[in-house]
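**Q** The following block contains the structure, expressed as structure tokens.
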Amino acid sequence: MVPVQYRNPETDEILDRRYEESVPNIGQRIMLDGVWECEVLYRWKCHPSCCVVYVRPVREIAREKETAAA
């Protein structure tokens, strides 16, 4: 199991922390907190003690939310 921190690439805010079977691949879609579907942008500082993974909301979902709010 690998400890992974999921972060916002713009603010460096930690969005979620958990143990994964393996490090997520770039472009892979993941669920954070069981609510947000996010896409892995890139990984940073992957080493045995922790892996930092930067993610963004999936574009289609983010675009739908913006349209619904307008």
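Identifiers in this document derive from the order of the structure tokens: chains are assigned A, B, ..., residues are numbered from 1 separately in each chain, and ligands are numbered from 1 in order of occurrence.
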Per residue of region 20-51 of chain A within 8 Å of region 5-16 of chain A, what are the shortest atom pair and its distance in Å to one decimal, counting only C-alpha atoms, with rows by chain and residue number, as CSV?
**A**
```
residue,atom,partner,partner_atom,distance
A:Leu32,CA,A:Asp16,CA,6.5
A:Asp33,CA,A:Asp16,CA,7.0
A:Cys50,CA,A:Gln5,CA,7.4
A:Cys51,CA,A:Gln5,CA,6.3
```
**Q** So that I can check the secondary structure, give me every residue of chain A assigned strand (DSSP E) by backbone DSSP, as a PDB file with C-alpha atoms, in the first residue's frame.
**A**
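For reference, part23.pdb as written:
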```
ATOM      1  CA  VAL A   2       1.234   3.454  -0.954  1.00  0.00           C
ATOM      2  CA  PRO A   3       0.222   6.574   1.018  1.00  0.00           C
ATOM      3  CA  VAL A   4      -1.082   9.136  -1.501  1.00  0.00           C
ATOM      4  CA  GLN A   5      -1.954  12.807  -1.053  1.00  0.00           C
ATOM      5  CA  TYR A   6      -4.291  14.263  -3.682  1.00  0.00           C
ATOM      6  CA  ARG A   7      -3.761  18.012  -4.157  1.00  0.00           C
ATOM      7  CA  ILE A  14      -4.649  18.679   0.147  1.00  0.00           C
ATOM      8  CA  LEU A  15      -7.996  17.391  -1.142  1.00  0.00           C
ATOM      9  CA  ASP A  16      -7.752  13.827   0.140  1.00  0.00           C
ATOM     10  CA  ARG A  17      -5.296  11.368   1.695  1.00  0.00           C
ATOM     11  CA  ARG A  18      -5.493   7.621   1.528  1.00  0.00           C
ATOM     12  CA  TYR A  19      -3.597   4.417   0.920  1.00  0.00           C
ATOM     13  CA  GLU A  20      -3.724   3.001  -2.613  1.00  0.00           C
ATOM     14  CA  ARG A  29      -9.930   9.189 -13.283  1.00  0.00           C
ATOM     15  CA  ILE A  30     -10.442   8.790  -9.556  1.00  0.00           C
ATOM     16  CA  MET A  31     -13.148   9.593  -7.028  1.00  0.00           C
ATOM     17  CA  LEU A  32     -12.206  11.848  -4.127  1.00  0.00           C
ATOM     18  CA  TRP A  36     -15.697  14.421  -6.975  1.00  0.00           C
ATOM     19  CA  GLU A  37     -14.538  12.690 -10.121  1.00  0.00           C
ATOM     20  CA  CYS A  38     -11.041  13.968 -10.819  1.00  0.00           C
ATOM     21  CA  GLU A  39      -8.340  13.370 -13.399  1.00  0.00           C
ATOM     22  CA  VAL A  40      -4.702  12.855 -12.411  1.00  0.00           C
ATOM     23  CA  LEU A  41      -2.570  15.626 -13.931  1.00  0.00           C
ATOM     24  CA  TYR A  42       0.859  14.662 -12.641  1.00  0.00           C
ATOM     25  CA  ARG A  43       2.707  13.055  -9.755  1.00  0.00           C
ATOM     26  CA  TRP A  44       5.320  14.682  -7.604  1.00  0.00           C
ATOM     27  CA  LYS A  45       7.720  13.390  -4.973  1.00  0.00           C
ATOM     28  CA  CYS A  46       6.933   9.710  -5.321  1.00  0.00           C
ATOM     29  CA  HIS A  47       8.933   7.838  -2.720  1.00  0.00           C
ATOM     30  CA  CYS A  50       4.385   9.313   0.338  1.00  0.00           C
ATOM     31  CA  CYS A  51       3.350  10.226  -3.189  1.00  0.00           C
ATOM     32  CA  VAL A  52       1.846  13.629  -4.000  1.00  0.00           C
ATOM     33  CA  VAL A  53      -0.641  13.509  -6.876  1.00  0.00           C
ATOM     34  CA  TYR A  54      -2.122  16.656  -8.441  1.00  0.00           C
ATOM     35  CA  VAL A  55      -5.672  16.357  -9.775  1.00  0.00           C
ATOM     36  CA  ARG A  56      -8.390  18.489 -11.357  1.00  0.00           C
ATOM     37  CA  PRO A  57     -12.131  17.941 -11.667  1.00  0.00           C
TER      38      PRO A  57
END
```
**Q** Mind the document's chain letters and residue numbers, and return as a list in words the residues of region 24-66 of chain A that DSSP labels helix (DSSP H, G or I).
**A**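 Here is the list: Arg59, Glu60, Ile61, Ala62, Arg63, Glu64, Lys65 and Glu66 of chain A.
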